[in-house]
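*Asks:* Next comes run-v7.txt, compact mmCIF, N, CA and C atoms:
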# COMPACT_ATOMS: atom_id res chain seq x y z
N MET A 1 0.84 -1.17 0.00
CA MET A 1 0.00 0.00 0.00
C MET A 1 0.89 1.24 0.00
N SER A 2 0.68 2.14 -0.93
CA SER A 2 1.50 3.34 -1.01
C SER A 2 1.03 4.38 -0.01
N ASN A 3 1.88 5.39 0.24
CA ASN A 3 1.51 6.48 1.14
C ASN A 3 0.30 7.24 0.62
N LYS A 4 0.18 7.36 -0.70
CA LYS A 4 -0.95 8.09 -1.27
C LYS A 4 -2.28 7.44 -0.90
N SER A 5 -2.31 6.11 -0.82
CA SER A 5 -3.56 5.44 -0.50
C SER A 5 -3.93 5.63 0.97
N LEU A 6 -2.96 6.03 1.80
CA LEU A 6 -3.24 6.28 3.21
C LEU A 6 -3.72 7.70 3.46
N ALA A 7 -3.52 8.59 2.50
CA ALA A 7 -3.91 9.99 2.66
C ALA A 7 -5.43 10.12 2.64
N LYS A 8 -5.91 11.08 3.40
CA LYS A 8 -7.35 11.36 3.43
C LYS A 8 -7.71 12.33 2.32
N ALA A 9 -8.92 12.20 1.82
CA ALA A 9 -9.46 13.16 0.86
C ALA A 9 -9.78 14.45 1.61
N PRO A 10 -9.76 15.60 0.91
CA PRO A 10 -10.03 16.88 1.59
C PRO A 10 -11.30 16.89 2.44
N GLU A 11 -12.37 16.26 1.94
CA GLU A 11 -13.63 16.29 2.69
C GLU A 11 -13.55 15.50 4.00
N ASN A 12 -12.48 14.72 4.15
CA ASN A 12 -12.26 13.96 5.39
C ASN A 12 -11.18 14.57 6.27
N LEU A 13 -10.72 15.75 5.92
CA LEU A 13 -9.69 16.43 6.69
C LEU A 13 -10.24 17.70 7.33
N THR A 14 -9.85 17.92 8.57
CA THR A 14 -10.25 19.14 9.27
C THR A 14 -9.00 19.96 9.54
N VAL A 15 -9.06 21.23 9.13
CA VAL A 15 -7.95 22.15 9.31
C VAL A 15 -8.36 23.20 10.33
N LEU A 16 -7.59 23.31 11.39
CA LEU A 16 -7.79 24.34 12.41
C LEU A 16 -6.97 25.56 12.00
N VAL A 17 -7.64 26.70 11.87
CA VAL A 17 -6.96 27.94 11.50
C VAL A 17 -7.09 28.92 12.66
N THR A 18 -5.99 29.08 13.41
CA THR A 18 -6.01 30.07 14.48
C THR A 18 -5.78 31.44 13.83
N GLY A 19 -6.49 32.45 14.33
CA GLY A 19 -6.42 33.76 13.69
C GLY A 19 -7.14 33.77 12.36
N GLY A 20 -8.11 32.89 12.22
CA GLY A 20 -8.80 32.71 10.94
C GLY A 20 -9.75 33.81 10.54
N ALA A 21 -10.02 34.77 11.43
CA ALA A 21 -10.88 35.90 11.05
C ALA A 21 -10.04 37.09 10.60
N GLY A 22 -8.72 36.96 10.68
CA GLY A 22 -7.83 38.02 10.21
C GLY A 22 -7.71 37.98 8.69
N PHE A 23 -6.93 38.91 8.15
CA PHE A 23 -6.82 39.05 6.70
C PHE A 23 -6.29 37.77 6.05
N ILE A 24 -5.12 37.33 6.46
CA ILE A 24 -4.51 36.14 5.85
C ILE A 24 -5.29 34.89 6.23
N GLY A 25 -5.71 34.79 7.49
CA GLY A 25 -6.46 33.63 7.94
C GLY A 25 -7.78 33.46 7.22
N SER A 26 -8.50 34.55 7.00
CA SER A 26 -9.80 34.45 6.33
C SER A 26 -9.64 34.05 4.87
N HIS A 27 -8.61 34.59 4.20
CA HIS A 27 -8.36 34.19 2.81
C HIS A 27 -7.95 32.72 2.73
N THR A 28 -7.18 32.27 3.69
CA THR A 28 -6.78 30.87 3.74
C THR A 28 -8.01 29.98 3.95
N ALA A 29 -8.88 30.38 4.88
CA ALA A 29 -10.10 29.61 5.15
C ALA A 29 -10.97 29.48 3.90
N VAL A 30 -11.09 30.56 3.14
CA VAL A 30 -11.88 30.52 1.90
C VAL A 30 -11.29 29.49 0.94
N GLU A 31 -9.99 29.54 0.76
CA GLU A 31 -9.35 28.60 -0.17
C GLU A 31 -9.48 27.15 0.30
N LEU A 32 -9.35 26.94 1.60
CA LEU A 32 -9.51 25.58 2.14
C LEU A 32 -10.94 25.07 1.92
N LEU A 33 -11.91 25.92 2.19
CA LEU A 33 -13.31 25.52 2.00
C LEU A 33 -13.60 25.27 0.52
N HIS A 34 -13.08 26.12 -0.36
CA HIS A 34 -13.24 25.88 -1.81
C HIS A 34 -12.58 24.56 -2.21
N GLY A 35 -11.53 24.18 -1.50
CA GLY A 35 -10.84 22.92 -1.79
C GLY A 35 -11.51 21.70 -1.21
N GLY A 36 -12.59 21.90 -0.46
CA GLY A 36 -13.35 20.78 0.08
C GLY A 36 -13.02 20.40 1.51
N TYR A 37 -12.11 21.13 2.15
CA TYR A 37 -11.73 20.82 3.53
C TYR A 37 -12.77 21.30 4.54
N ASN A 38 -12.77 20.68 5.70
CA ASN A 38 -13.52 21.16 6.85
C ASN A 38 -12.61 22.15 7.58
N VAL A 39 -13.15 23.28 7.99
CA VAL A 39 -12.32 24.32 8.59
C VAL A 39 -12.90 24.71 9.95
N VAL A 40 -12.02 24.78 10.93
CA VAL A 40 -12.35 25.28 12.26
C VAL A 40 -11.53 26.54 12.46
N ILE A 41 -12.20 27.65 12.67
CA ILE A 41 -11.52 28.92 12.93
C ILE A 41 -11.58 29.21 14.43
N VAL A 42 -10.44 29.55 14.99
CA VAL A 42 -10.37 30.05 16.36
C VAL A 42 -9.78 31.45 16.29
N ASP A 43 -10.51 32.42 16.80
CA ASP A 43 -10.05 33.81 16.78
C ASP A 43 -10.70 34.54 17.94
N ASP A 44 -9.92 35.35 18.64
CA ASP A 44 -10.50 36.13 19.74
C ASP A 44 -11.01 37.49 19.28
N LEU A 45 -10.86 37.77 18.00
CA LEU A 45 -11.34 38.99 17.35
C LEU A 45 -10.64 40.25 17.87
N SER A 46 -9.46 40.10 18.47
CA SER A 46 -8.74 41.27 18.97
C SER A 46 -8.16 42.10 17.83
N ASN A 47 -7.90 41.49 16.69
CA ASN A 47 -7.39 42.21 15.52
C ASN A 47 -8.25 41.94 14.29
N SER A 48 -9.49 41.58 14.52
CA SER A 48 -10.39 41.25 13.41
C SER A 48 -11.82 41.47 13.86
N ASN A 49 -12.75 41.00 13.06
CA ASN A 49 -14.16 41.20 13.34
C ASN A 49 -14.92 39.95 12.92
N GLU A 50 -15.97 39.62 13.65
CA GLU A 50 -16.75 38.44 13.32
C GLU A 50 -17.42 38.57 11.94
N LYS A 51 -17.54 39.79 11.45
CA LYS A 51 -18.08 39.96 10.09
C LYS A 51 -17.22 39.24 9.06
N ALA A 52 -15.94 39.11 9.35
CA ALA A 52 -15.05 38.39 8.43
C ALA A 52 -15.50 36.93 8.29
N VAL A 53 -15.93 36.32 9.38
CA VAL A 53 -16.40 34.93 9.35
C VAL A 53 -17.70 34.85 8.55
N ASP A 54 -18.58 35.83 8.74
CA ASP A 54 -19.82 35.88 7.95
C ASP A 54 -19.51 36.03 6.46
N ARG A 55 -18.50 36.84 6.15
CA ARG A 55 -18.12 37.04 4.74
C ARG A 55 -17.54 35.76 4.15
N ILE A 56 -16.79 35.02 4.94
CA ILE A 56 -16.27 33.73 4.46
C ILE A 56 -17.44 32.84 4.06
N ARG A 57 -18.44 32.77 4.92
CA ARG A 57 -19.61 31.94 4.63
C ARG A 57 -20.32 32.39 3.35
N THR A 58 -20.42 33.70 3.17
CA THR A 58 -21.06 34.24 1.97
C THR A 58 -20.25 33.91 0.73
N ILE A 59 -18.94 34.09 0.79
CA ILE A 59 -18.07 33.86 -0.36
C ILE A 59 -18.11 32.40 -0.80
N VAL A 60 -18.05 31.48 0.16
CA VAL A 60 -17.96 30.06 -0.21
C VAL A 60 -19.30 29.43 -0.53
N GLY A 61 -20.38 30.06 -0.13
CA GLY A 61 -21.71 29.53 -0.40
C GLY A 61 -22.19 28.61 0.70
N PRO A 62 -23.50 28.30 0.70
CA PRO A 62 -24.10 27.57 1.80
C PRO A 62 -23.58 26.15 2.01
N ASP A 63 -23.26 25.45 0.94
CA ASP A 63 -22.78 24.07 1.10
C ASP A 63 -21.42 24.04 1.80
N ALA A 64 -20.48 24.84 1.32
CA ALA A 64 -19.15 24.89 1.94
C ALA A 64 -19.22 25.52 3.33
N ALA A 65 -20.12 26.47 3.51
CA ALA A 65 -20.25 27.14 4.82
C ALA A 65 -20.63 26.15 5.92
N GLU A 66 -21.30 25.05 5.54
CA GLU A 66 -21.64 24.03 6.53
C GLU A 66 -20.41 23.33 7.08
N ARG A 67 -19.29 23.42 6.37
CA ARG A 67 -18.05 22.79 6.81
C ARG A 67 -17.16 23.75 7.60
N LEU A 68 -17.72 24.90 7.98
CA LEU A 68 -16.98 25.91 8.74
C LEU A 68 -17.52 26.00 10.16
N THR A 69 -16.62 25.90 11.12
CA THR A 69 -16.97 26.06 12.54
C THR A 69 -16.15 27.21 13.09
N PHE A 70 -16.78 28.08 13.85
CA PHE A 70 -16.08 29.24 14.42
C PHE A 70 -16.16 29.22 15.94
N TYR A 71 -15.02 29.46 16.58
CA TYR A 71 -14.94 29.62 18.03
C TYR A 71 -14.33 30.98 18.32
N ARG A 72 -15.03 31.76 19.13
CA ARG A 72 -14.44 33.02 19.59
C ARG A 72 -13.68 32.71 20.88
N ASN A 73 -12.43 32.34 20.71
CA ASN A 73 -11.56 31.96 21.83
C ASN A 73 -10.21 32.61 21.65
N ASN A 74 -9.55 32.82 22.76
CA ASN A 74 -8.16 33.26 22.74
C ASN A 74 -7.30 32.01 22.79
N VAL A 75 -6.33 31.91 21.91
CA VAL A 75 -5.48 30.73 21.84
C VAL A 75 -4.65 30.58 23.12
N LEU A 76 -4.52 31.66 23.88
CA LEU A 76 -3.84 31.59 25.18
C LEU A 76 -4.64 30.81 26.21
N ASP A 77 -5.95 30.69 25.99
CA ASP A 77 -6.83 29.99 26.93
C ASP A 77 -6.76 28.48 26.63
N ARG A 78 -5.90 27.82 27.37
CA ARG A 78 -5.65 26.39 27.11
C ARG A 78 -6.91 25.56 27.26
N GLN A 79 -7.74 25.86 28.25
CA GLN A 79 -8.96 25.10 28.47
C GLN A 79 -9.92 25.24 27.27
N ALA A 80 -10.03 26.46 26.75
CA ALA A 80 -10.88 26.68 25.58
C ALA A 80 -10.33 25.95 24.36
N MET A 81 -9.02 25.96 24.21
CA MET A 81 -8.41 25.26 23.08
C MET A 81 -8.53 23.74 23.21
N GLU A 82 -8.48 23.27 24.44
CA GLU A 82 -8.67 21.83 24.66
C GLU A 82 -10.07 21.42 24.23
N ARG A 83 -11.05 22.28 24.48
CA ARG A 83 -12.42 22.01 24.05
C ARG A 83 -12.50 21.97 22.52
N VAL A 84 -11.81 22.87 21.85
CA VAL A 84 -11.79 22.88 20.38
C VAL A 84 -11.25 21.56 19.86
N PHE A 85 -10.13 21.10 20.44
CA PHE A 85 -9.55 19.83 20.00
C PHE A 85 -10.45 18.65 20.36
N SER A 86 -11.13 18.72 21.49
CA SER A 86 -12.02 17.63 21.89
C SER A 86 -13.25 17.53 21.00
N GLU A 87 -13.76 18.66 20.55
CA GLU A 87 -14.99 18.69 19.77
C GLU A 87 -14.76 18.52 18.27
N ASN A 88 -13.51 18.59 17.83
CA ASN A 88 -13.22 18.52 16.39
C ASN A 88 -12.06 17.56 16.16
N ASP A 89 -12.16 16.77 15.13
CA ASP A 89 -11.10 15.84 14.78
C ASP A 89 -10.08 16.57 13.91
N VAL A 90 -9.27 17.40 14.55
CA VAL A 90 -8.32 18.25 13.84
C VAL A 90 -7.20 17.40 13.26
N ASP A 91 -6.96 17.55 11.96
CA ASP A 91 -5.87 16.84 11.29
C ASP A 91 -4.64 17.73 11.11
N VAL A 92 -4.89 18.99 10.81
CA VAL A 92 -3.83 19.93 10.49
C VAL A 92 -4.15 21.26 11.16
N MET A 93 -3.12 21.95 11.61
CA MET A 93 -3.33 23.28 12.16
C MET A 93 -2.48 24.29 11.41
N ILE A 94 -3.09 25.43 11.10
CA ILE A 94 -2.37 26.56 10.53
C ILE A 94 -2.46 27.67 11.56
N HIS A 95 -1.33 28.11 12.06
CA HIS A 95 -1.29 29.05 13.18
C HIS A 95 -0.98 30.47 12.68
N PHE A 96 -2.04 31.30 12.64
CA PHE A 96 -1.92 32.70 12.25
C PHE A 96 -2.19 33.65 13.42
N ALA A 97 -2.35 33.14 14.62
CA ALA A 97 -2.81 33.96 15.74
C ALA A 97 -1.68 34.69 16.46
N GLY A 98 -0.78 35.26 15.70
CA GLY A 98 0.31 36.00 16.31
C GLY A 98 0.12 37.50 16.12
N PHE A 99 0.62 38.25 17.09
CA PHE A 99 0.65 39.71 16.93
C PHE A 99 1.79 40.04 15.98
N LYS A 100 1.65 41.16 15.23
CA LYS A 100 2.65 41.43 14.20
C LYS A 100 3.07 42.89 14.07
N ALA A 101 2.53 43.79 14.84
CA ALA A 101 2.87 45.20 14.69
C ALA A 101 4.22 45.50 15.34
N VAL A 102 5.21 45.79 14.53
CA VAL A 102 6.57 45.98 15.03
C VAL A 102 6.64 47.09 16.07
N GLY A 103 6.08 48.24 15.76
CA GLY A 103 6.13 49.36 16.70
C GLY A 103 5.48 49.02 18.03
N GLU A 104 4.31 48.40 17.97
CA GLU A 104 3.61 48.02 19.20
C GLU A 104 4.39 46.96 19.98
N SER A 105 5.09 46.09 19.27
CA SER A 105 5.86 45.04 19.96
C SER A 105 6.96 45.63 20.82
N VAL A 106 7.48 46.78 20.43
CA VAL A 106 8.51 47.47 21.22
C VAL A 106 7.87 48.09 22.45
N GLN A 107 6.66 48.58 22.30
CA GLN A 107 5.94 49.20 23.42
C GLN A 107 5.40 48.17 24.40
N LYS A 108 5.03 47.00 23.90
CA LYS A 108 4.40 45.96 24.73
C LYS A 108 5.10 44.61 24.54
N PRO A 109 6.39 44.54 24.86
CA PRO A 109 7.12 43.30 24.57
C PRO A 109 6.58 42.08 25.31
N LEU A 110 6.17 42.22 26.56
CA LEU A 110 5.67 41.06 27.30
C LEU A 110 4.37 40.52 26.73
N GLU A 111 3.49 41.43 26.30
CA GLU A 111 2.24 41.00 25.69
C GLU A 111 2.51 40.23 24.40
N TYR A 112 3.48 40.70 23.64
CA TYR A 112 3.83 40.02 22.39
C TYR A 112 4.47 38.66 22.66
N TYR A 113 5.39 38.60 23.61
CA TYR A 113 5.99 37.30 23.96
C TYR A 113 4.92 36.33 24.42
N ARG A 114 4.04 36.82 25.30
CA ARG A 114 2.99 35.96 25.84
C ARG A 114 2.09 35.45 24.72
N ASN A 115 1.60 36.35 23.90
CA ASN A 115 0.69 35.93 22.84
C ASN A 115 1.39 35.05 21.82
N ASN A 116 2.52 35.48 21.33
CA ASN A 116 3.15 34.77 20.22
C ASN A 116 3.85 33.49 20.64
N LEU A 117 4.36 33.44 21.83
CA LEU A 117 5.06 32.23 22.27
C LEU A 117 4.13 31.28 23.03
N VAL A 118 3.41 31.79 24.02
CA VAL A 118 2.57 30.92 24.84
C VAL A 118 1.42 30.33 24.02
N SER A 119 0.83 31.12 23.13
CA SER A 119 -0.26 30.57 22.32
C SER A 119 0.26 29.42 21.45
N PHE A 120 1.43 29.59 20.88
CA PHE A 120 2.01 28.53 20.06
C PHE A 120 2.33 27.31 20.91
N MET A 121 2.88 27.52 22.10
CA MET A 121 3.18 26.40 22.99
C MET A 121 1.90 25.66 23.38
N ASN A 122 0.81 26.40 23.63
CA ASN A 122 -0.48 25.77 23.96
C ASN A 122 -0.93 24.82 22.86
N VAL A 123 -0.92 25.31 21.63
CA VAL A 123 -1.44 24.48 20.54
C VAL A 123 -0.50 23.32 20.22
N ILE A 124 0.79 23.54 20.33
CA ILE A 124 1.74 22.44 20.09
C ILE A 124 1.54 21.35 21.15
N ASP A 125 1.38 21.77 22.40
CA ASP A 125 1.16 20.81 23.47
C ASP A 125 -0.14 20.04 23.25
N LEU A 126 -1.20 20.73 22.85
CA LEU A 126 -2.48 20.06 22.60
C LEU A 126 -2.40 19.14 21.38
N MET A 127 -1.67 19.56 20.38
CA MET A 127 -1.50 18.68 19.21
C MET A 127 -0.82 17.39 19.62
N ARG A 128 0.20 17.50 20.45
CA ARG A 128 0.89 16.29 20.92
C ARG A 128 -0.06 15.44 21.76
N GLU A 129 -0.81 16.09 22.64
CA GLU A 129 -1.76 15.38 23.51
C GLU A 129 -2.82 14.63 22.70
N PHE A 130 -3.27 15.24 21.60
CA PHE A 130 -4.31 14.63 20.77
C PHE A 130 -3.74 13.83 19.59
N GLY A 131 -2.42 13.63 19.58
CA GLY A 131 -1.79 12.81 18.56
C GLY A 131 -1.79 13.42 17.18
N ARG A 132 -1.71 14.73 17.11
CA ARG A 132 -1.68 15.44 15.82
C ARG A 132 -0.27 15.95 15.58
N HIS A 133 0.18 15.91 14.32
CA HIS A 133 1.57 16.24 14.05
C HIS A 133 1.77 17.20 12.89
N ASN A 134 0.71 17.65 12.26
CA ASN A 134 0.84 18.49 11.06
C ASN A 134 0.47 19.93 11.38
N ILE A 135 1.46 20.82 11.21
CA ILE A 135 1.24 22.23 11.51
C ILE A 135 1.97 23.10 10.51
N VAL A 136 1.32 24.21 10.21
CA VAL A 136 1.96 25.28 9.45
C VAL A 136 2.01 26.46 10.39
N PHE A 137 3.23 26.91 10.67
CA PHE A 137 3.41 28.09 11.50
C PHE A 137 3.75 29.22 10.56
N SER A 138 2.94 30.26 10.58
CA SER A 138 3.12 31.34 9.63
C SER A 138 3.28 32.67 10.34
N SER A 139 4.15 33.47 9.81
CA SER A 139 4.29 34.83 10.29
C SER A 139 4.34 35.74 9.09
N SER A 140 3.53 36.79 9.13
CA SER A 140 3.52 37.75 8.04
C SER A 140 4.31 38.99 8.42
N CYS A 141 5.01 38.97 9.53
CA CYS A 141 5.69 40.16 10.04
C CYS A 141 6.65 40.78 9.04
N THR A 142 7.40 39.98 8.33
CA THR A 142 8.40 40.53 7.42
C THR A 142 7.81 40.98 6.08
N VAL A 143 6.53 40.72 5.87
CA VAL A 143 5.90 41.10 4.61
C VAL A 143 5.65 42.59 4.56
N TYR A 144 5.37 43.19 5.70
CA TYR A 144 5.00 44.59 5.76
C TYR A 144 6.22 45.45 6.03
N GLY A 145 6.26 46.66 5.42
CA GLY A 145 7.38 47.59 5.60
C GLY A 145 7.34 48.29 6.93
Mind turning this structure into structure tokens?

*Replies:*
Amino acid sequence: MSNKSLAKAPENLTVLVTGGAGFIGSHTAVELLHGGYNVVIVDDLSNSNEKAVDRIRTIVGPDAAERLTFYRNNVLDRQAMERVFSENDVDVMIHFAGFKAVGESVQKPLEYYRNNLVSFMNVIDLMREFGRHNIVFSSSCTVYG
């Protein structure tokens, strides 16, 4: 049996997108849903708006929108994230829930360390606990001038 035969079809895969209501996260969610994947968005809406999730549903249409689940949670809240993992059979995680404003990071270094490091540690720990090993860690910080 080849590795390809062991792979799941998109409709059988669930992708957790942290920061999924943000600009890059929402565009990623749209593409995943268009590709047939199940998508779970976790976002605390500190740098986004729930209207973005509504727009995702509108863009992808009603059938694909049924494969979208949204949690208004902070990734720093380990208990809330544990619930997300317990309620969803997450196969892959894409982590976009990092702060990225360079100027603000100088003004609030501890908040940035806490959010960007502890949130990532939370999800990595939960992935290990739930036997998940596929993650995309993304940072858009260097994209902006």

*Asks:* Looking only at the backbone, which of the residues in chain A does DSSP tag as helix (DSSP H, G or I), as JSON, numbers by chain?

*Replies:* {"A": [3, 4, 5, 6, 10, 11, 12, 23, 24, 25, 26, 27, 28, 29, 30, 31, 32, 33, 34, 50, 51, 52, 53, 54, 55, 56, 57, 58, 59, 60, 61, 62, 63, 64, 65, 78, 79, 80, 81, 82, 83, 84, 85, 86, 87, 102, 103, 104, 105, 106, 107, 109, 110, 111, 112, 113, 114, 115, 116, 117, 118, 119, 120, 121, 122, 123, 124, 125, 126, 127, 128, 129, 141, 142, 143]}

*Asks:* Taking only N, CA and C atoms into account, which of A:Glu31, A:Asp63, A:Ile56, A:His95 comes nearest Gly19 in chain A?

*Replies:*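 Nearest candidate to Gly19 in chain A out of A:Glu31, A:Asp63, A:Ile56, A:His95: A:His95.
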
*Asks:* Could you tell me how far CA of Ile135 in chain A lies from CA of Tyr112 in chain A, in Å and to one decimal?

*Replies:*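 Between CA of Ile135 in chain A and CA of Tyr112 in chain A the gap is 21.0 Å.
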
*Asks:* Do you know which residues are at most 6.5 Å from Val15 in chain A counting all atoms listed in the file, after dropping those on the same chain fewer than 2 positions away, and could you put them as a PyMOL selection string?

*Replies:* chain A and resi 13+17+37-41+90-94

*Asks:* Rounded to one decimal place, report the atom C of Ser46 in chain A-atom C of Phe130 in chain A distance in Å.

*Replies:*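 Distance reported for this atom pair: 28.7 Å.
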
*Asks:* Suppose you want the space between atom N of Asp125 in chain A and atom C of Thr18 in chain A; what is it in Å?

*Replies:*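 That distance, rounded to one decimal, is 14.8 Å.
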
*Asks:* Using only N, CA and C atoms, which residue out of A:Phe137, A:Gly22, A:Ala80, A:Val75 lies closest to Val53 in chain A?

*Replies:*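 Between A:Phe137, A:Gly22, A:Ala80, A:Val75, the residue approaching Val53 in chain A most closely is A:Gly22.
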
*Asks:* Do you know which residues are at most 9 Å from Phe120 in chain A counting only C-alpha atoms, after dropping those on the same chain fewer than 2 positions away, and could you put them as a VMD selection string?

*Replies:* chain A and resid 75 to 76 95 97 to 98 115 to 118 122 to 125 137

*Asks:* What box, with edges along x, y and z, holds each listed atom of range 27-35 of chain A when 8 Å is added on every side, and can you state its centre and edge lengths in Å to one decimal, as JSON?

*Replies:*
{"center_x": -10.2, "center_y": 28.1, "center_z": 1.5, "size_x": 22.8, "size_y": 28.9, "size_z": 23.4}

*Asks:* Select from chain A everything DSSP, run on the backbone, classes as strand (DSSP E or B), then give the selection as a PyMOL selection string.

*Replies:* chain A and resi 14-18+38-42+68-71+92-95+134-137

*Asks:* Which residue is closest to Val60 in chain A? Choose from A:Val42, A:Asp77, A:Ala29, A:Arg72 and count only C-alpha atoms.

*Replies:*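 Between A:Val42, A:Asp77, A:Ala29, A:Arg72, the residue approaching Val60 in chain A most closely is A:Ala29.
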
*Asks:* Env of Ala21 in chain A: 8 Å cut, atoms = all atoms listed in the file, seq-sep filter 5 positions within chain, self excluded. Answer as a PyMOL selection string.

*Replies:* chain A and resi 26-27+29+41-45+47-53

*Asks:* Using all atoms listed in the file, which of the listed residues (A:Glu11, A:Asp89, A:Glu111, A:Glu66) sits closest to Gly36 in chain A?

*Replies:*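 Nearest candidate to Gly36 in chain A out of A:Glu11, A:Asp89, A:Glu111, A:Glu66: A:Glu11.
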
*Asks:* When distances are computed from only C-alpha atoms, which of A:His34, A:Arg55, A:Lys108, A:Arg83 shows the smallest separation from Arg67 in chain A?

*Replies:*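 Nearest candidate to Arg67 in chain A out of A:His34, A:Arg55, A:Lys108, A:Arg83: A:His34.
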